[in-house]
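Student: Pasting a structure below so you can have a look.
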Amino acid sequence: MSLTDLAATPIEIVNADAYEATLLAEGKVIPDFAERRADIEKQLVTEAGRQGATLGEYADLLDEVTALVEHPTVYVGEFEAEFLAVPQECLILTMRANQKYFPLFDTEGKLLNRFLIVSNMQMEDPSNIVTGNQRVVRPRLSDARFFFEQDIKAGLTPRVVKLGSVVYHNKLGSLGDRVERLSAVARTIAGMLGADENLANRAALLSKADLLTDMVGEFPELQGVMGGYYARHDGLTEDIAFAIEDHYKPRFAGDELPRGQVGTVVALADKLETLVGMFGIGNLPTGDKDPFALRRHALGVIRMLVEKQLPLDLPQLLQAASQTFGTLLPDPAKSNAQLLDFIYERVAGYLREHGASAQEADAVIAARPMWGEMPKALAAVRAFAQLPEAAALAAANKRIGNILKKAGDAEQVVDAHVSEVLLVEEAEKSLYAAMQQVVPQADAHFEAGRYTESLQTLAALRAPVDAFFDDVMVNAEQLDLRLNRQGLLKMLHQAMNRVGDLSRLAV
């Protein structure tokens, strides 16, 4: 076997064991990917330190560059400082995506007019390599500056009218139609949250205008970001600029949430309009196929509702969004019901990512707490599940639920009321007496937001509950006794399930 690379003569590989060492010594090749990656990273970090700079986020680019070189050497290049007048996101994307360079930043994250080149050649005098790369990147940066200057001249607001000529979806109209829907949904959400409806409306109308700019046409990854820059240049407020820039957030798992109330409103409106529209026309994700990123949109809605503790009613939001489509959606009530189930499936996944078991997540979701209370409710349910009384009380709760369901089907909806004179068995008297002590304490903890303490207080009911089911026949033949016992169980069921549906913890 013979190979030629930077070696002067063909390389002979005498055996497989000698492959790596021979390539490194004679062929200037580091064959192991992980070793090559580590070598590049070490050189990058060292050189950035010499420059008094930082590298920012570079992991993905490092993986890509590692696959492009065999014997890496890092050199420093630079470009004219005048290009820094262009938004740095444009320059960064140009260098990283087009040229595979590593931009350098100061300690505050501001782009410097220097970058690192990973070359495949180690030279005593690398001036030709550095000069050549600087010459290549200059036209790229000039293009970015040209696009930016042309976009600035045209402005952002005039582009909104042109959105009407761009098809969004053949069943859902144009981008112009879409931003009209976005603005309506944003106004509704703003009203619910007490936010400025005019700012939300303006930001929503302008949110997609940068899709028609030269810069976003060249770099689609910058949509939203460039809209924020152009909005500021047009003299719009920071609230609107941030909202335009942030309304795609969160773009991926772990991404930051939108800044400010207006940004949150528009981001919610954007995702809800997409979800309601796509579900409404039957474009549902299947298996691993999700071309419209509906799972990501649903998770974004969940994160904003939960992590920003928004007091919003999700079914009401879906209904408000569906109304903006007019007659475009064949059966919005049906599709919204499907969408609601879809979102709550994502809620279960979200809670599991935060440490919950499937049963614990189901218990919290079944209780439908306010979005901002979900993490606290989950922590309480998880703590309760570790108690020695938990299994027995969860099983009893499930049994109570089945009894009440059958009773409601057979006779009438059970009334949560107890007449003490109809408590004839010692076990039911004991349970009622225990509830009179324990339930008010648990309720007080619940009303104060101390969910863990509320559930832990209820653990004291295990013994009287067990005794009740051992000694008392709930479905007594005598109607008044039967209804009274069912009322007692209904009171217990309501008290136990305020934080979460504990029956979901039963094995």
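For the structure tokens, the naming scheme is as follows: chains receive sequential letters (A, B, ...) according to their order of presentation, residues are indexed from 1 within each chain, and ligands are indexed from 1 in presentation order.
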Compile a residue-level contact table for segment 358-418 of chain A against segment 303-326 of chain A at a cut-off of 7 Å, reporting for every qualifying residue the shortest atom pair and its distance in Å to one decimal, with only C-alpha atoms counted, rows ordered by chain and ascending number, as JSON lines.

Tutor:
```
{"residue": "A:Met370", "atom": "CA", "partner": "A:Pro311", "partner_atom": "CA", "distance": 6.7}
{"residue": "A:Trp371", "atom": "CA", "partner": "A:Val306", "partner_atom": "CA", "distance": 4.7}
{"residue": "A:Gly372", "atom": "CA", "partner": "A:Gln309", "partner_atom": "CA", "distance": 3.7}
{"residue": "A:Met374", "atom": "CA", "partner": "A:Val306", "partner_atom": "CA", "distance": 6.9}
```

Student: Which neighbours of segment 474-485 of chain A fall inside 9 Å, counting only C-alpha atoms, when residues of the same chain fewer than 6 positions from it are skipped, and could you give them as a ChimeraX atom specification?

Tutor: /A:403,407,414-420,422-424,428

Student: Any chance you can output those residues with N, CA, C and O atoms as a JSON list (two decimals), in the first residue's frame?

Tutor:
```
[["chain", "number", "residue", "atom", "x", "y", "z"],
["A", 403, "ILE", "N", -64.85, 4.35, 41.77],
["A", 403, "ILE", "CA", -66.13, 4.29, 42.49],
["A", 403, "ILE", "C", -67.00, 5.49, 42.12],
["A", 403, "ILE", "O", -68.20, 5.34, 41.84],
["A", 407, "ALA", "N", -70.55, 5.55, 40.21],
["A", 407, "ALA", "CA", -71.70, 6.12, 40.92],
["A", 407, "ALA", "C", -72.35, 7.21, 40.09],
["A", 407, "ALA", "O", -73.59, 7.31, 40.02],
["A", 414, "VAL", "N", -71.94, 12.77, 42.05],
["A", 414, "VAL", "CA", -71.81, 12.68, 43.51],
["A", 414, "VAL", "C", -71.53, 14.05, 44.09],
["A", 414, "VAL", "O", -70.68, 14.80, 43.60],
["A", 415, "ASP", "N", -72.24, 14.36, 45.18],
["A", 415, "ASP", "CA", -72.07, 15.64, 45.87],
["A", 415, "ASP", "C", -71.03, 15.48, 46.97],
["A", 415, "ASP", "O", -71.09, 14.55, 47.78],
["A", 416, "ALA", "N", -70.06, 16.39, 47.00],
["A", 416, "ALA", "CA", -69.02, 16.33, 48.03],
["A", 416, "ALA", "C", -69.57, 16.89, 49.33],
["A", 416, "ALA", "O", -69.28, 18.02, 49.73],
["A", 417, "HIS", "N", -70.36, 16.09, 49.99],
["A", 417, "HIS", "CA", -71.02, 16.53, 51.23],
["A", 417, "HIS", "C", -71.20, 15.33, 52.15],
["A", 417, "HIS", "O", -71.46, 14.21, 51.69],
["A", 418, "VAL", "N", -71.04, 15.54, 53.44],
["A", 418, "VAL", "CA", -71.17, 14.47, 54.42],
["A", 418, "VAL", "C", -72.11, 14.91, 55.54],
["A", 418, "VAL", "O", -71.99, 16.02, 56.06],
["A", 419, "SER", "N", -73.01, 14.01, 55.89],
["A", 419, "SER", "CA", -73.87, 14.20, 57.06],
["A", 419, "SER", "C", -73.31, 13.32, 58.17],
["A", 419, "SER", "O", -73.26, 12.09, 58.04],
["A", 420, "GLU", "N", -72.87, 13.93, 59.27],
["A", 420, "GLU", "CA", -72.23, 13.17, 60.35],
["A", 420, "GLU", "C", -73.17, 12.14, 60.96],
["A", 420, "GLU", "O", -72.72, 11.08, 61.42],
["A", 422, "LEU", "N", -75.08, 10.23, 59.52],
["A", 422, "LEU", "CA", -75.15, 9.02, 58.69],
["A", 422, "LEU", "C", -73.84, 8.24, 58.69],
["A", 422, "LEU", "O", -73.69, 7.26, 57.96],
["A", 423, "LEU", "N", -72.87, 8.69, 59.48],
["A", 423, "LEU", "CA", -71.62, 7.95, 59.63],
["A", 423, "LEU", "C", -71.81, 6.92, 60.74],
["A", 423, "LEU", "O", -71.82, 7.26, 61.93],
["A", 424, "VAL", "N", -71.98, 5.66, 60.36],
["A", 424, "VAL", "CA", -72.34, 4.65, 61.36],
["A", 424, "VAL", "C", -71.19, 3.71, 61.69],
["A", 424, "VAL", "O", -71.12, 3.18, 62.80],
["A", 428, "GLU", "N", -65.45, 4.80, 59.05],
["A", 428, "GLU", "CA", -65.82, 6.01, 58.30],
["A", 428, "GLU", "C", -65.84, 7.23, 59.20],
["A", 428, "GLU", "O", -65.51, 8.34, 58.78]]
```

Student: Pick from A:Ile117, A:Ala18, A:Ala81, A:Ala203: nearest to Glu47 of chain A, with only C-alpha atoms counted?

Tutor: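 The answer is A:Ile117, which sits nearest to Glu47 of chain A.
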
Student: Mind listing the strand (DSSP E) residues of segment 115-278 of chain A, per DSSP on the backbone, as a VMD selection string?

Tutor: chain A and resid 115 to 119 167 to 169 173 to 174

Student: Find, counting only C-alpha atoms, the residue in A:Asp501, A:Glu197, A:Asp32, A:Asp290 that gets nearest to Thr66 of chain A.

Tutor: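 For Thr66 of chain A, the nearest of the given residues is A:Asp32.
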
Student: Show me, as an NGL selection string, the residues that have an atom within 12 Å of segment 54-59 of chain A when counting only C-alpha atoms, minus same-chain residues fewer than 2 positions from it.

Tutor: :A and (37-38 or 40-52 or 61-66 or 92-93 or 95-97 or 100-112 or 114-116)

Student: Residues near Asp341 of chain A, anyone? I mean within 12 Å using only C-alpha atoms, not counting same-chain ones fewer than 6 positions away, as a VMD selection string.

Tutor: chain A and resid 279 298 314 to 315 318 334 to 335 347 to 348 365 to 366

Student: Kindly indicate which residue among A:Asn170, A:Ala243, A:Ala184, A:Glu273 lies nearest to Arg259 of chain A, using only C-alpha atoms for the distances.

Tutor: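 The closest residue to Arg259 of chain A is A:Ala243.
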
Student: Using only C-alpha atoms, determine which residues lie at most 10 Å from Arg498 of chain A, disregarding the query and same-chain residues fewer than 3 positions distant; provide the list as a PyMOL selection string.

Tutor: chain A and resi 364+367-369+377+442-443+446+451+454-455+493-495+501-502

Student: Quick one, how far is atom CA of Met226 of chain A from atom CA of Glu89 of chain A?

Tutor: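 Going from atom CA of Met226 of chain A over to atom CA of Glu89 of chain A, I get 8.7 Å.
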
Student: Take atom CA of Val225 of chain A and atom CA of Val276 of chain A and report the distance between them in Å, one decimal.

Tutor: 25.2 Å

Student: What's the separation between atom CA of Pro291 of chain A and atom CA of Asn98 of chain A, in Å to one decimal place?

Tutor: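 Interatomic distance here is 25.7 Å.
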
Student: Would you pick out the contacts of segment 206-213 of chain A at 10 Å or less, using only C-alpha atoms, so that residues sharing its chain but fewer than 5 positions from it are not included, and give the list as a PyMOL selection string?

Tutor: chain A and resi 147-148+150-152+154-163+166+175-176+178-179+182-183+201+218-220+222-231+240-241+243-248+266-267+270

Student: Could you tell me which of A:Ala396, A:Leu172, A:Asp362, A:Pro375 comes closest to Pro330 of chain A if we count only C-alpha atoms?

Tutor: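 Answer, going by the shortest atom-to-atom distance: A:Leu172.
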
Student: Which residues, written as a PyMOL selection string, have at least one atom at most 9 Å from segment 123-137 of chain A, with only C-alpha atoms counted and residues fewer than 3 positions away on the same chain left out?

Tutor: chain A and resi 73+75-79+94-95+98-99+117+119+140-142

Student: Using DSSP secondary structure from the backbone, list all alpha helix (DSSP H) positions within segment 347-395 of chain A, as a PDB file with C-alpha atoms, in the first residue's frame.

Tutor:
```
ATOM      1  CA  VAL A 347     -45.699  18.949  28.021  1.00  0.00           C
ATOM      2  CA  ALA A 348     -45.239  15.394  29.285  1.00  0.00           C
ATOM      3  CA  GLY A 349     -41.915  15.193  27.467  1.00  0.00           C
ATOM      4  CA  TYR A 350     -40.880  18.592  28.799  1.00  0.00           C
ATOM      5  CA  LEU A 351     -41.586  17.512  32.387  1.00  0.00           C
ATOM      6  CA  ARG A 352     -39.741  14.231  31.876  1.00  0.00           C
ATOM      7  CA  GLU A 353     -36.716  16.216  30.702  1.00  0.00           C
ATOM      8  CA  ALA A 358     -44.047   9.274  33.037  1.00  0.00           C
ATOM      9  CA  GLN A 359     -46.482   8.722  35.929  1.00  0.00           C
ATOM     10  CA  GLU A 360     -45.377  11.886  37.745  1.00  0.00           C
ATOM     11  CA  ALA A 361     -45.712  13.967  34.573  1.00  0.00           C
ATOM     12  CA  ASP A 362     -49.196  12.537  33.931  1.00  0.00           C
ATOM     13  CA  ALA A 363     -50.233  13.321  37.510  1.00  0.00           C
ATOM     14  CA  VAL A 364     -49.261  16.980  37.154  1.00  0.00           C
ATOM     15  CA  ILE A 365     -50.768  17.426  33.696  1.00  0.00           C
ATOM     16  CA  ALA A 366     -54.074  15.830  34.711  1.00  0.00           C
ATOM     17  CA  ALA A 367     -54.557  18.493  37.383  1.00  0.00           C
ATOM     18  CA  MET A 374     -46.068  23.341  36.873  1.00  0.00           C
ATOM     19  CA  PRO A 375     -42.446  23.099  38.061  1.00  0.00           C
ATOM     20  CA  LYS A 376     -43.526  23.544  41.672  1.00  0.00           C
ATOM     21  CA  ALA A 377     -46.357  21.036  41.293  1.00  0.00           C
ATOM     22  CA  LEU A 378     -43.968  18.551  39.709  1.00  0.00           C
ATOM     23  CA  ALA A 379     -41.487  18.934  42.562  1.00  0.00           C
ATOM     24  CA  ALA A 380     -44.306  18.311  45.042  1.00  0.00           C
ATOM     25  CA  VAL A 381     -45.569  15.209  43.249  1.00  0.00           C
ATOM     26  CA  ARG A 382     -42.037  13.819  42.962  1.00  0.00           C
ATOM     27  CA  ALA A 383     -41.447  14.389  46.676  1.00  0.00           C
ATOM     28  CA  PHE A 384     -44.788  12.748  47.523  1.00  0.00           C
ATOM     29  CA  ALA A 385     -43.960   9.732  45.361  1.00  0.00           C
ATOM     30  CA  ALA A 390     -47.521   7.200  48.520  1.00  0.00           C
ATOM     31  CA  ALA A 391     -48.206   3.826  46.915  1.00  0.00           C
ATOM     32  CA  ALA A 392     -51.152   3.016  49.174  1.00  0.00           C
ATOM     33  CA  LEU A 393     -52.719   6.458  48.864  1.00  0.00           C
ATOM     34  CA  ALA A 394     -52.246   6.492  45.070  1.00  0.00           C
ATOM     35  CA  ALA A 395     -53.942   3.099  44.809  1.00  0.00           C
TER      36      ALA A 395
END
```
